[in-house]
Each structure stands twice: as C-alpha cells, then as structure tokens.
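Below is run21.txt, holding compact mmCIF, C-alpha atoms and all ligand atoms.
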# COMPACT_ATOMS: atom_id res chain seq x y z
CA MET A 20 -18.46 -3.95 -1.50
CA ASN A 21 -18.67 -4.21 2.27
CA ASN A 22 -15.68 -4.87 4.50
CA PHE A 23 -16.56 -8.52 5.09
CA LEU A 24 -16.62 -9.28 1.37
CA ARG A 25 -13.48 -7.27 0.74
CA ARG A 26 -11.65 -9.23 3.43
CA LEU A 27 -12.94 -12.52 2.05
CA MET A 28 -11.89 -11.57 -1.47
CA PHE A 29 -8.33 -10.80 -0.34
CA ARG A 30 -8.18 -14.00 1.75
CA LEU A 31 -9.14 -15.99 -1.33
CA TRP A 32 -6.58 -14.22 -3.51
CA TYR A 33 -3.81 -15.25 -1.14
CA LEU A 34 -4.72 -18.91 -1.47
CA PHE A 35 -3.47 -18.57 -5.06
CA ALA A 36 -0.92 -16.24 -6.59
CA PRO A 37 -2.34 -12.71 -6.55
CA PRO A 38 -1.38 -10.77 -9.69
CA TRP A 39 0.13 -7.89 -7.69
CA ASP A 40 2.45 -10.19 -5.72
CA THR A 41 5.34 -9.89 -8.14
CA GLY A 42 8.19 -9.91 -5.63
CA ILE A 43 9.49 -6.71 -7.24
CA SER A 44 9.61 -3.34 -5.50
CA PRO A 45 8.57 -0.39 -7.65
CA PRO A 46 11.18 2.13 -8.89
CA GLU A 47 9.47 4.97 -6.98
CA LEU A 48 10.15 3.19 -3.68
CA LEU A 49 13.75 2.50 -4.70
CA ASP A 50 14.14 6.22 -5.57
CA PHE A 51 12.68 7.16 -2.20
CA ILE A 52 15.13 4.88 -0.41
CA GLU A 53 18.02 6.45 -2.36
CA LYS A 54 16.87 9.95 -1.50
CA TYR A 55 16.09 9.71 2.23
CA PRO A 56 18.05 8.28 5.15
CA PRO A 57 16.61 5.16 6.81
CA GLY A 58 14.12 5.64 9.62
CA ASN A 59 10.88 4.03 10.75
CA ALA A 60 8.52 2.84 8.05
CA ILE A 61 5.11 1.23 7.92
CA ASP A 62 3.93 -0.71 4.89
CA ILE A 63 0.13 -0.40 4.96
CA GLY A 64 -1.46 -3.43 3.33
CA CYS A 65 1.95 -5.07 3.03
CA GLY A 66 0.77 -8.35 1.50
CA THR A 67 3.55 -10.91 1.48
CA GLY A 68 6.15 -8.33 2.44
CA THR A 69 8.13 -7.62 -0.73
CA ASN A 70 8.49 -3.93 0.13
CA VAL A 71 8.95 -4.62 3.85
CA ILE A 72 12.02 -6.62 2.92
CA THR A 73 13.32 -4.02 0.47
CA LEU A 74 13.05 -1.35 3.16
CA ALA A 75 14.58 -3.54 5.88
CA GLN A 76 17.49 -4.42 3.57
CA ALA A 77 18.10 -0.69 3.16
CA GLY A 78 18.36 -0.26 6.95
CA TRP A 79 14.79 0.86 7.75
CA GLN A 80 12.96 -0.34 10.88
CA VAL A 81 9.84 -1.70 9.26
CA THR A 82 6.33 -2.49 10.44
CA GLY A 83 4.01 -4.25 8.01
CA VAL A 84 0.25 -4.61 8.45
CA ASP A 85 -2.31 -6.54 6.47
CA PHE A 86 -5.67 -8.06 7.37
CA VAL A 87 -4.95 -11.39 5.66
CA PRO A 88 -3.24 -13.71 8.17
CA ARG A 89 -1.79 -15.89 5.41
CA ALA A 90 -0.12 -12.88 3.77
CA ILE A 91 1.42 -11.88 7.11
CA ARG A 92 2.61 -15.46 7.72
CA ILE A 93 4.31 -15.51 4.29
CA ALA A 94 5.84 -12.06 4.94
CA SER A 95 7.18 -13.22 8.32
CA ARG A 96 8.71 -16.30 6.74
CA LYS A 97 10.32 -14.27 3.94
CA ALA A 98 11.80 -11.81 6.46
CA ARG A 99 13.08 -14.64 8.66
CA ASN A 100 14.66 -16.42 5.68
CA ALA A 101 16.35 -13.19 4.65
CA GLY A 102 17.68 -12.74 8.21
CA LEU A 103 15.80 -9.47 8.60
CA ALA A 104 13.81 -8.13 11.54
CA ALA A 105 10.40 -6.64 10.83
CA ALA A 106 7.28 -6.15 12.94
CA LEU A 107 4.48 -7.84 11.02
CA HIS A 108 0.91 -7.64 12.26
CA VAL A 109 -2.52 -8.78 11.21
CA ARG A 110 -4.49 -5.53 11.40
CA ASP A 111 -7.20 -3.70 9.62
CA VAL A 112 -5.59 -0.56 8.24
CA THR A 113 -8.53 1.52 9.44
CA LYS A 114 -7.81 0.46 13.06
CA LEU A 115 -4.10 0.24 13.76
CA THR A 116 -4.58 -0.85 17.36
CA GLY A 117 -1.32 -1.05 19.29
CA ILE A 118 0.67 0.64 16.54
CA SER A 119 1.81 4.13 17.34
CA GLY A 120 4.81 4.88 15.17
CA PRO A 121 5.80 7.58 14.65
CA PHE A 122 6.76 6.60 11.12
CA ASP A 123 8.93 8.61 8.77
CA LEU A 124 7.45 6.75 5.83
CA ALA A 125 4.02 5.21 5.34
CA LEU A 126 4.05 3.18 2.15
CA ASP A 127 0.85 2.07 0.48
CA MET A 128 1.07 0.06 -2.70
CA GLY A 129 -2.51 -0.70 -3.66
CA CYS A 130 -4.40 -0.70 -0.36
CA PHE A 131 -5.95 2.76 0.09
CA HIS A 132 -7.67 2.61 -3.29
CA SER A 133 -9.49 -0.58 -2.29
CA LEU A 134 -11.11 0.73 0.89
CA GLY A 135 -14.43 2.00 -0.43
CA ASN A 136 -16.12 4.16 2.19
CA LYS A 137 -13.49 3.29 4.83
CA LYS A 138 -10.95 5.74 3.47
CA LYS A 139 -11.62 8.36 6.16
CA GLY A 140 -10.81 5.86 8.95
CA TYR A 141 -7.57 4.98 7.18
CA LEU A 142 -6.58 8.62 6.83
CA SER A 143 -7.15 9.43 10.49
CA GLU A 144 -4.96 6.46 11.46
CA LEU A 145 -2.36 7.60 8.93
CA GLU A 146 -2.33 11.07 10.45
CA ARG A 147 -1.99 9.57 13.92
CA VAL A 148 1.00 7.34 13.17
CA LEU A 149 2.93 9.54 10.73
CA ALA A 150 5.82 11.51 12.24
CA PRO A 151 5.93 15.27 11.76
CA GLY A 152 7.70 15.63 8.43
CA GLY A 153 6.91 11.98 7.58
CA TYR A 154 6.01 10.87 4.07
CA TRP A 155 3.05 8.94 2.71
CA LEU A 156 3.87 7.26 -0.59
CA MET A 157 0.70 5.89 -2.12
CA TYR A 158 0.03 4.05 -5.34
CA GLY A 159 -3.56 3.50 -6.39
CA TYR A 160 -5.90 2.97 -9.31
CA PHE A 161 -8.55 5.44 -10.29
CA LYS A 162 -12.02 4.02 -10.56
CA SER A 163 -13.13 3.68 -14.14
CA ASP A 164 -16.07 5.95 -14.96
CA SER A 165 -18.24 2.92 -15.58
CA ALA A 166 -17.34 1.16 -12.30
CA ALA A 167 -20.45 -0.03 -10.56
CA ASN A 168 -18.72 -0.73 -7.23
CA ASP A 169 -16.74 1.45 -4.86
CA TYR A 170 -13.34 -0.09 -5.69
CA GLY A 171 -10.74 2.46 -6.78
CA LEU A 172 -10.01 6.12 -6.28
CA ALA A 173 -12.18 9.04 -7.28
CA GLU A 174 -10.85 12.60 -7.39
CA ALA A 175 -13.23 13.33 -4.49
CA ASP A 176 -11.38 10.76 -2.34
CA LEU A 177 -8.26 12.88 -2.61
CA GLU A 178 -10.15 15.74 -0.98
CA LEU A 179 -10.40 13.57 2.15
CA ILE A 180 -6.63 13.77 2.59
CA PRO A 181 -6.01 15.92 5.71
CA ALA A 182 -5.01 19.54 5.14
CA SER A 183 -1.98 18.90 7.38
CA MET A 184 -0.51 16.87 4.52
CA THR A 185 1.17 18.67 1.67
CA LEU A 186 1.48 17.15 -1.78
CA VAL A 187 5.12 16.74 -2.79
CA TRP A 188 4.51 15.19 -6.17
CA ARG A 189 1.86 13.40 -8.11
CA GLN A 190 2.34 11.19 -11.09
CA GLU A 191 -0.38 9.74 -13.27
CA GLY A 192 -0.19 7.09 -15.89
CA PHE A 193 -1.72 3.88 -17.13
CA ASP A 194 -0.94 0.45 -15.82
CA VAL A 195 -0.17 -1.65 -18.87
CA PRO A 196 1.36 -5.09 -18.36
CA ALA A 197 4.89 -4.73 -19.75
CA ASP A 198 4.71 -7.90 -21.81
CA LEU A 199 1.46 -6.83 -23.45
CA THR A 200 2.21 -3.23 -24.37
CA ASP A 201 3.02 -3.95 -28.02
CA GLU A 202 0.59 -6.72 -28.86
CA ARG A 203 -2.50 -5.46 -27.03
CA PRO A 204 -2.60 -1.69 -26.72
CA ASP A 205 -6.34 -2.11 -26.16
CA LEU A 206 -5.48 -3.64 -22.78
CA ALA A 207 -4.20 -0.33 -21.44
CA GLY A 208 -5.06 -0.67 -17.79
CA PRO A 209 -6.81 1.74 -15.48
CA ARG A 210 -5.43 5.16 -14.70
CA VAL A 211 -2.97 4.95 -11.83
CA LEU A 212 -1.83 7.58 -9.42
CA LEU A 213 1.32 7.91 -7.37
CA LEU A 214 1.23 10.48 -4.62
CA GLU A 215 3.86 11.57 -2.17
CA TYR A 216 2.69 13.67 0.76
CA VAL A 217 4.59 15.15 3.63
CA GLU A 218 2.86 15.57 7.00
C1 LIG B 1 -3.18 -4.95 -4.07
S1 LIG B 1 -2.65 -5.71 -2.60
C2 LIG B 1 -0.99 -5.06 -2.47
C3 LIG B 1 -0.14 -5.80 -1.47
C4 LIG B 1 1.27 -5.24 -1.30
N1 LIG B 1 1.25 -3.85 -0.92
C5 LIG B 1 2.06 -5.43 -2.56
O1 LIG B 1 2.40 -4.41 -3.21
O2 LIG B 1 2.37 -6.58 -2.91
C6 LIG B 1 -3.53 -4.82 -1.35
C7 LIG B 1 -3.28 -5.35 0.05
O3 LIG B 1 -4.01 -4.59 0.99
C8 LIG B 1 -4.58 -5.48 1.94
N2 LIG B 1 -5.78 -4.82 2.49
C9 LIG B 1 -6.86 -4.36 1.82
N3 LIG B 1 -7.73 -3.80 2.67
C10 LIG B 1 -7.18 -3.90 3.91
C11 LIG B 1 -7.61 -3.50 5.20
N4 LIG B 1 -8.78 -2.90 5.40
N5 LIG B 1 -6.79 -3.76 6.24
C12 LIG B 1 -5.61 -4.40 6.06
N6 LIG B 1 -5.15 -4.80 4.86
C13 LIG B 1 -5.93 -4.54 3.80
C14 LIG B 1 -4.90 -6.73 1.16
O4 LIG B 1 -5.02 -7.88 1.97
C15 LIG B 1 -3.71 -6.79 0.21
O5 LIG B 1 -2.65 -7.53 0.76

Let me see the file written as structure tokens.
Amino acid sequence: MNNFLRRLMFRLWYLFAPPWDTGISPPELLDFIEKYPPGNAIDIGCGTGTNVITLAQAGWQVTGVDFVPRAIRIASRKARNAGLAAALHVRDVTKLTGISGPFDLALDMGCFHSLGNKKKGYLSELERVLAPGGYWLMYGYFKSDSAANDYGLAEADLELIPASMTLVWRQEGFDVPADLTDERPDLAGPRVLLLEYVE
C-alpha cells in the first residue's frame, strides 16, 4: 500500500471509532512509567492521545505526532480537558520536521508495523531524536505468512533497526480480544511483538 492510501485509510478510520482507540494504556507502558523517572517522551503515531495523557499524568513532558489531523485535534482536546500540557503535531513519522527531542522515551503503539517500505525513514528519524540512553518501546503485529500487502512486521524489518540500539527485552504473543478468548479460540489474532531498545 502506498503512503497516500495508507494516510487515506487512517483518515477514514478516525471518522468512526477505530478498534485500537480503546482509551486504555497497555500494562507494558504502565510498567515502564513505574520503572523509570519522568523525562521527555514522544508518542509516535499517537492517535487520539491516550498514551500521551497517561505519560503527561505521570509527569513526563510529552510530544505526540500523527499524520491524521482529526486524531491530533481529538488528542489536543483530551489533553486540554485533562488540564495537561502536551506538544501535539500533525507530522509524518518518517519526517519529524521541527522536532528535535532529545527524547528519553519514544513510544510506538502500532505505527511502525504499518509503514511498509518507509520503515528505514522512520528509524533514521528515531535515531536522530532519541537521547543517548533513551528507550524505544514498540508494539507491532507480525505480517501473516499469507499477507499479500506490506502491512505488518517481518523478521527482516527488525534487521533495519540501527546497530546503535540494543535490545533490552522482546516479548511475543498473540493478540486475542479478551472477550472472545473462550468462545472463539479460532480468532486468535496475529502474532504481536513488544520490543524495548536502548539507544
Ligand atoms: C494503530 S494506530 C495506534 C494509535 C495510537 N498509538 C494508539 O495506541 O491508540 C496507528 C497510528 O499511527 C498513525 N500513523 C500511521 N502511519 C503514520 C505516518 N506515516 N505518520 C504519522 N502517523 C502515522 C495512524 O494515523 C494511527 O493513528
């Protein structure tokens, strides 16, 4: 899928209620917040800002970027209503113009895996904005073997990750909707991957 179609697809999703927009931050982010002192964070592909708000509430200075203006507008409204300051920008994550960090945490819940052949551009921007010793916490789906398009991660994509970044931990599992686990085991979702890297 080319970038134009990808952008259009996400714009359309945000006219409705995208399935990922649960308003709940994942336990791995909450664990991270418990473990590390607040600093500067960027949420890459922040959507409507759920994790921006979680981080800001925990005392982080947060920047959120997404290429869907409506998502950024909703995120800005949510932050304002919560009385929190956050820098929210409409940007393509492969070109973070005007954003320099340095960030102690770059969070990515579900963006990197969707970038097709643009992953290299993303990773060079990530390397540029991440502070020395900064963390990249990334959650993504693996591509299914039968996938005809370029959506999702392949093991080869992980080889694009710069050598300057060291893997701290990696967790794999399956994304199964909690309310369906018992009734429909056949619906076991795609393989998911959680990575934490330190620069
Ligand atoms: C699966 S959603 C996850 C949103 C958010 N992280 C969350 O957990 O609710 C992926 C997000 O990445 C954004 N995105 C995808 N490709 C992007 C790109 N090239 N530049 C900026 N944002 C992008 C989409 O608009 C979408 O909001």

request  = Go through A:Glu218, A:Asp169, A:Asp50, A:Glu144 and flag the residue nearest Val112 (chain A), using only C-alpha atoms for the distances.
outcome  =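 Once distances to Val112 (chain A) are computed over only C-alpha atoms, the minimum belongs to A:Glu144.
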
Kindly provide the residues of chain A that approach ligand LIG 1 (chain B) to within 9 Å, each paired with its closest atom pair and their distance in Å to one decimal, based on only C-alpha atoms and all ligand atoms, listed by chain and increasing number, as JSON lines.
{"residue": "A:Asn22", "atom": "CA", "partner": "B:LIG1", "partner_atom": "N4", "distance": 7.2}
{"residue": "A:Arg25", "atom": "CA", "partner": "B:LIG1", "partner_atom": "N3", "distance": 7.0}
{"residue": "A:Arg26", "atom": "CA", "partner": "B:LIG1", "partner_atom": "N3", "distance": 6.7}
{"residue": "A:Met28", "atom": "CA", "partner": "B:LIG1", "partner_atom": "O4", "distance": 8.5}
{"residue": "A:Phe29", "atom": "CA", "partner": "B:LIG1", "partner_atom": "O4", "distance": 5.0}
{"residue": "A:Arg30", "atom": "CA", "partner": "B:LIG1", "partner_atom": "O4", "distance": 6.9}
{"residue": "A:Trp32", "atom": "CA", "partner": "B:LIG1", "partner_atom": "O4", "distance": 8.5}
{"residue": "A:Tyr33", "atom": "CA", "partner": "B:LIG1", "partner_atom": "O5", "distance": 8.0}
{"residue": "A:Pro37", "atom": "CA", "partner": "B:LIG1", "partner_atom": "S1", "distance": 8.0}
{"residue": "A:Pro38", "atom": "CA", "partner": "B:LIG1", "partner_atom": "C1", "distance": 8.3}
{"residue": "A:Trp39", "atom": "CA", "partner": "B:LIG1", "partner_atom": "O2", "distance": 5.4}
{"residue": "A:Asp40", "atom": "CA", "partner": "B:LIG1", "partner_atom": "O2", "distance": 4.6}
{"residue": "A:Thr41", "atom": "CA", "partner": "B:LIG1", "partner_atom": "O2", "distance": 6.9}
{"residue": "A:Gly42", "atom": "CA", "partner": "B:LIG1", "partner_atom": "O2", "distance": 7.2}
{"residue": "A:Ile43", "atom": "CA", "partner": "B:LIG1", "partner_atom": "O2", "distance": 8.3}
{"residue": "A:Ser44", "atom": "CA", "partner": "B:LIG1", "partner_atom": "O1", "distance": 7.6}
{"residue": "A:Pro45", "atom": "CA", "partner": "B:LIG1", "partner_atom": "O1", "distance": 8.6}
{"residue": "A:Asp62", "atom": "CA", "partner": "B:LIG1", "partner_atom": "N1", "distance": 7.1}
{"residue": "A:Ile63", "atom": "CA", "partner": "B:LIG1", "partner_atom": "N6", "distance": 6.9}
{"residue": "A:Gly64", "atom": "CA", "partner": "B:LIG1", "partner_atom": "O3", "distance": 3.7}
{"residue": "A:Cys65", "atom": "CA", "partner": "B:LIG1", "partner_atom": "N1", "distance": 4.2}
{"residue": "A:Gly66", "atom": "CA", "partner": "B:LIG1", "partner_atom": "O5", "distance": 3.6}
{"residue": "A:Thr67", "atom": "CA", "partner": "B:LIG1", "partner_atom": "O2", "distance": 6.3}
{"residue": "A:Gly68", "atom": "CA", "partner": "B:LIG1", "partner_atom": "O2", "distance": 6.8}
{"residue": "A:Thr69", "atom": "CA", "partner": "B:LIG1", "partner_atom": "O2", "distance": 6.2}
{"residue": "A:Asn70", "atom": "CA", "partner": "B:LIG1", "partner_atom": "O1", "distance": 7.0}
{"residue": "A:Val84", "atom": "CA", "partner": "B:LIG1", "partner_atom": "C12", "distance": 6.3}
{"residue": "A:Asp85", "atom": "CA", "partner": "B:LIG1", "partner_atom": "N6", "distance": 3.7}
{"residue": "A:Phe86", "atom": "CA", "partner": "B:LIG1", "partner_atom": "C12", "distance": 3.9}
{"residue": "A:Val87", "atom": "CA", "partner": "B:LIG1", "partner_atom": "O4", "distance": 5.1}
{"residue": "A:Pro88", "atom": "CA", "partner": "B:LIG1", "partner_atom": "O4", "distance": 8.7}
{"residue": "A:Ala90", "atom": "CA", "partner": "B:LIG1", "partner_atom": "O5", "distance": 6.6}
{"residue": "A:Ile91", "atom": "CA", "partner": "B:LIG1", "partner_atom": "O5", "distance": 8.7}
{"residue": "A:Val109", "atom": "CA", "partner": "B:LIG1", "partner_atom": "C12", "distance": 7.4}
{"residue": "A:Arg110", "atom": "CA", "partner": "B:LIG1", "partner_atom": "C12", "distance": 5.6}
{"residue": "A:Asp111", "atom": "CA", "partner": "B:LIG1", "partner_atom": "N5", "distance": 3.4}
{"residue": "A:Val112", "atom": "CA", "partner": "B:LIG1", "partner_atom": "N5", "distance": 4.0}
{"residue": "A:Thr113", "atom": "CA", "partner": "B:LIG1", "partner_atom": "N4", "distance": 6.0}
{"residue": "A:Lys114", "atom": "CA", "partner": "B:LIG1", "partner_atom": "N5", "distance": 8.1}
{"residue": "A:Leu115", "atom": "CA", "partner": "B:LIG1", "partner_atom": "N5", "distance": 8.9}
{"residue": "A:Leu126", "atom": "CA", "partner": "B:LIG1", "partner_atom": "N1", "distance": 8.2}
{"residue": "A:Asp127", "atom": "CA", "partner": "B:LIG1", "partner_atom": "N1", "distance": 6.1}
{"residue": "A:Met128", "atom": "CA", "partner": "B:LIG1", "partner_atom": "N1", "distance": 4.3}
{"residue": "A:Gly129", "atom": "CA", "partner": "B:LIG1", "partner_atom": "C1", "distance": 4.3}
{"residue": "A:Cys130", "atom": "CA", "partner": "B:LIG1", "partner_atom": "O3", "distance": 4.1}
{"residue": "A:Phe131", "atom": "CA", "partner": "B:LIG1", "partner_atom": "N3", "distance": 7.3}
{"residue": "A:His132", "atom": "CA", "partner": "B:LIG1", "partner_atom": "C9", "distance": 8.7}
{"residue": "A:Ser133", "atom": "CA", "partner": "B:LIG1", "partner_atom": "N3", "distance": 6.2}
{"residue": "A:Leu134", "atom": "CA", "partner": "B:LIG1", "partner_atom": "N3", "distance": 5.9}
{"residue": "A:Lys137", "atom": "CA", "partner": "B:LIG1", "partner_atom": "N4", "distance": 7.8}
{"residue": "A:Tyr141", "atom": "CA", "partner": "B:LIG1", "partner_atom": "N4", "distance": 8.2}
{"residue": "A:Gly159", "atom": "CA", "partner": "B:LIG1", "partner_atom": "C1", "distance": 8.8}

Writer output for current selection, C-alpha atoms, as a PDB file, in the coordinates of the input:
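The resulting file, again-v5.pdb, is reproduced below:
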ATOM      1  CA  ASN A  22     -15.680  -4.870   4.500  1.00  0.00           C
ATOM      2  CA  ARG A  25     -13.480  -7.270   0.740  1.00  0.00           C
ATOM      3  CA  ARG A  26     -11.650  -9.230   3.430  1.00  0.00           C
ATOM      4  CA  MET A  28     -11.890 -11.570  -1.470  1.00  0.00           C
ATOM      5  CA  PHE A  29      -8.330 -10.800  -0.340  1.00  0.00           C
ATOM      6  CA  ARG A  30      -8.180 -14.000   1.750  1.00  0.00           C
ATOM      7  CA  TRP A  32      -6.580 -14.220  -3.510  1.00  0.00           C
ATOM      8  CA  TYR A  33      -3.810 -15.250  -1.140  1.00  0.00           C
ATOM      9  CA  PRO A  37      -2.340 -12.710  -6.550  1.00  0.00           C
ATOM     10  CA  PRO A  38      -1.380 -10.770  -9.690  1.00  0.00           C
ATOM     11  CA  TRP A  39       0.130  -7.890  -7.690  1.00  0.00           C
ATOM     12  CA  ASP A  40       2.450 -10.190  -5.720  1.00  0.00           C
ATOM     13  CA  THR A  41       5.340  -9.890  -8.140  1.00  0.00           C
ATOM     14  CA  GLY A  42       8.190  -9.910  -5.630  1.00  0.00           C
ATOM     15  CA  ILE A  43       9.490  -6.710  -7.240  1.00  0.00           C
ATOM     16  CA  SER A  44       9.610  -3.340  -5.500  1.00  0.00           C
ATOM     17  CA  PRO A  45       8.570  -0.390  -7.650  1.00  0.00           C
ATOM     18  CA  ASP A  62       3.930  -0.710   4.890  1.00  0.00           C
ATOM     19  CA  ILE A  63       0.130  -0.400   4.960  1.00  0.00           C
ATOM     20  CA  GLY A  64      -1.460  -3.430   3.330  1.00  0.00           C
ATOM     21  CA  CYS A  65       1.950  -5.070   3.030  1.00  0.00           C
ATOM     22  CA  GLY A  66       0.770  -8.350   1.500  1.00  0.00           C
ATOM     23  CA  THR A  67       3.550 -10.910   1.480  1.00  0.00           C
ATOM     24  CA  GLY A  68       6.150  -8.330   2.440  1.00  0.00           C
ATOM     25  CA  THR A  69       8.130  -7.620  -0.730  1.00  0.00           C
ATOM     26  CA  ASN A  70       8.490  -3.930   0.130  1.00  0.00           C
ATOM     27  CA  VAL A  84       0.250  -4.610   8.450  1.00  0.00           C
ATOM     28  CA  ASP A  85      -2.310  -6.540   6.470  1.00  0.00           C
ATOM     29  CA  PHE A  86      -5.670  -8.060   7.370  1.00  0.00           C
ATOM     30  CA  VAL A  87      -4.950 -11.390   5.660  1.00  0.00           C
ATOM     31  CA  PRO A  88      -3.240 -13.710   8.170  1.00  0.00           C
ATOM     32  CA  ALA A  90      -0.120 -12.880   3.770  1.00  0.00           C
ATOM     33  CA  ILE A  91       1.420 -11.880   7.110  1.00  0.00           C
ATOM     34  CA  VAL A 109      -2.520  -8.780  11.210  1.00  0.00           C
ATOM     35  CA  ARG A 110      -4.490  -5.530  11.400  1.00  0.00           C
ATOM     36  CA  ASP A 111      -7.200  -3.700   9.620  1.00  0.00           C
ATOM     37  CA  VAL A 112      -5.590  -0.560   8.240  1.00  0.00           C
ATOM     38  CA  THR A 113      -8.530   1.520   9.440  1.00  0.00           C
ATOM     39  CA  LYS A 114      -7.810   0.460  13.060  1.00  0.00           C
ATOM     40  CA  LEU A 115      -4.100   0.240  13.760  1.00  0.00           C
ATOM     41  CA  LEU A 126       4.050   3.180   2.150  1.00  0.00           C
ATOM     42  CA  ASP A 127       0.850   2.070   0.480  1.00  0.00           C
ATOM     43  CA  MET A 128       1.070   0.060  -2.700  1.00  0.00           C
ATOM     44  CA  GLY A 129      -2.510  -0.700  -3.660  1.00  0.00           C
ATOM     45  CA  CYS A 130      -4.400  -0.700  -0.360  1.00  0.00           C
ATOM     46  CA  PHE A 131      -5.950   2.760   0.090  1.00  0.00           C
ATOM     47  CA  HIS A 132      -7.670   2.610  -3.290  1.00  0.00           C
ATOM     48  CA  SER A 133      -9.490  -0.580  -2.290  1.00  0.00           C
ATOM     49  CA  LEU A 134     -11.110   0.730   0.890  1.00  0.00           C
ATOM     50  CA  LYS A 137     -13.490   3.290   4.830  1.00  0.00           C
ATOM     51  CA  TYR A 141      -7.570   4.980   7.180  1.00  0.00           C
ATOM     52  CA  GLY A 159      -3.560   3.500  -6.390  1.00  0.00           C
TER      53      GLY A 159
END

query = Mind listing as an NGL selection string all residues within 12 Å of (-10.3, 11.1, -2.7), counting only C-alpha atoms?
reply = :A and (131-139 or 141-142 or 159-162 or 169-181 or 212 or 214)

Export, as a tab-separated table (two decimals), in the coordinates of the input, the selected residues with C-alpha atoms.
chain	number	residue	atom	x	y	z
A	131	PHE	CA	-5.95	2.76	0.09
A	132	HIS	CA	-7.67	2.61	-3.29
A	133	SER	CA	-9.49	-0.58	-2.29
A	134	LEU	CA	-11.11	0.73	0.89
A	135	GLY	CA	-14.43	2.00	-0.43
A	136	ASN	CA	-16.12	4.16	2.19
A	137	LYS	CA	-13.49	3.29	4.83
A	138	LYS	CA	-10.95	5.74	3.47
A	139	LYS	CA	-11.62	8.36	6.16
A	141	TYR	CA	-7.57	4.98	7.18
A	142	LEU	CA	-6.58	8.62	6.83
A	159	GLY	CA	-3.56	3.50	-6.39
A	160	TYR	CA	-5.90	2.97	-9.31
A	161	PHE	CA	-8.55	5.44	-10.29
A	162	LYS	CA	-12.02	4.02	-10.56
A	169	ASP	CA	-16.74	1.45	-4.86
A	170	TYR	CA	-13.34	-0.09	-5.69
A	171	GLY	CA	-10.74	2.46	-6.78
A	172	LEU	CA	-10.01	6.12	-6.28
A	173	ALA	CA	-12.18	9.04	-7.28
A	174	GLU	CA	-10.85	12.60	-7.39
A	175	ALA	CA	-13.23	13.33	-4.49
A	176	ASP	CA	-11.38	10.76	-2.34
A	177	LEU	CA	-8.26	12.88	-2.61
A	178	GLU	CA	-10.15	15.74	-0.98
A	179	LEU	CA	-10.40	13.57	2.15
A	180	ILE	CA	-6.63	13.77	2.59
A	181	PRO	CA	-6.01	15.92	5.71
A	212	LEU	CA	-1.83	7.58	-9.42
A	214	LEU	CA	1.23	10.48	-4.62

Tell me which residues come within 12 Å of (7.0, 17.6, 8.7), as an mmCIF file with C-alpha atoms, in the frame of the given file, counting only C-alpha atoms in the file's coordinates.
data_model
loop_
_atom_site.group_PDB
_atom_site.id
_atom_site.type_symbol
_atom_site.label_atom_id
_atom_site.label_comp_id
_atom_site.auth_asym_id
_atom_site.auth_seq_id
_atom_site.Cartn_x
_atom_site.Cartn_y
_atom_site.Cartn_z
ATOM 1 C CA PRO A 121 5.800 7.580 14.650
ATOM 2 C CA PHE A 122 6.760 6.600 11.120
ATOM 3 C CA ASP A 123 8.930 8.610 8.770
ATOM 4 C CA LEU A 124 7.450 6.750 5.830
ATOM 5 C CA GLU A 146 -2.330 11.070 10.450
ATOM 6 C CA LEU A 149 2.930 9.540 10.730
ATOM 7 C CA ALA A 150 5.820 11.510 12.240
ATOM 8 C CA PRO A 151 5.930 15.270 11.760
ATOM 9 C CA GLY A 152 7.700 15.630 8.430
ATOM 10 C CA GLY A 153 6.910 11.980 7.580
ATOM 11 C CA TYR A 154 6.010 10.870 4.070
ATOM 12 C CA TRP A 155 3.050 8.940 2.710
ATOM 13 C CA SER A 183 -1.980 18.900 7.380
ATOM 14 C CA MET A 184 -0.510 16.870 4.520
ATOM 15 C CA THR A 185 1.170 18.670 1.670
ATOM 16 C CA LEU A 186 1.480 17.150 -1.780
ATOM 17 C CA VAL A 187 5.120 16.740 -2.790
ATOM 18 C CA TYR A 216 2.690 13.670 0.760
ATOM 19 C CA VAL A 217 4.590 15.150 3.630
ATOM 20 C CA GLU A 218 2.860 15.570 7.000
#

ask   = To one decimal place, how far is CA of Ala77 (chain A) from CA of Glu191 (chain A) in Å?
value =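 These atoms are spaced 26.8 Å apart.
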
request  = Would you work out the distance separating CA of Val81 (chain A) from CA of Ala105 (chain A), expressed in Å to one decimal?
outcome  =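 So the two atoms, CA of Val81 (chain A) and CA of Ala105 (chain A), lie 5.2 Å apart.
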
request  = Grab the CA of His108 (chain A) to CA of Leu74 (chain A) distance for me, in Å with one decimal place.
outcome  =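 We find that CA of His108 (chain A) and CA of Leu74 (chain A) lie 16.4 Å from each other.
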
task = Can you work out which one of A:Asn100, A:Thr116, A:Asn21, A:Asn59 has the shortest atom-to-atom distance to Gly78 (chain A), counting only C-alpha atoms?
result =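 When distances to Gly78 (chain A) are compared using only C-alpha atoms, the smallest one comes from A:Asn59.
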
key: Minimum-distance residue to Tyr158 (chain A), chosen among A:Gly140, A:Gly58, A:Met20, A:Leu213 (using only C-alpha atoms)   =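 Among the listed residues, the smallest separation from Tyr158 (chain A) belongs to A:Leu213.
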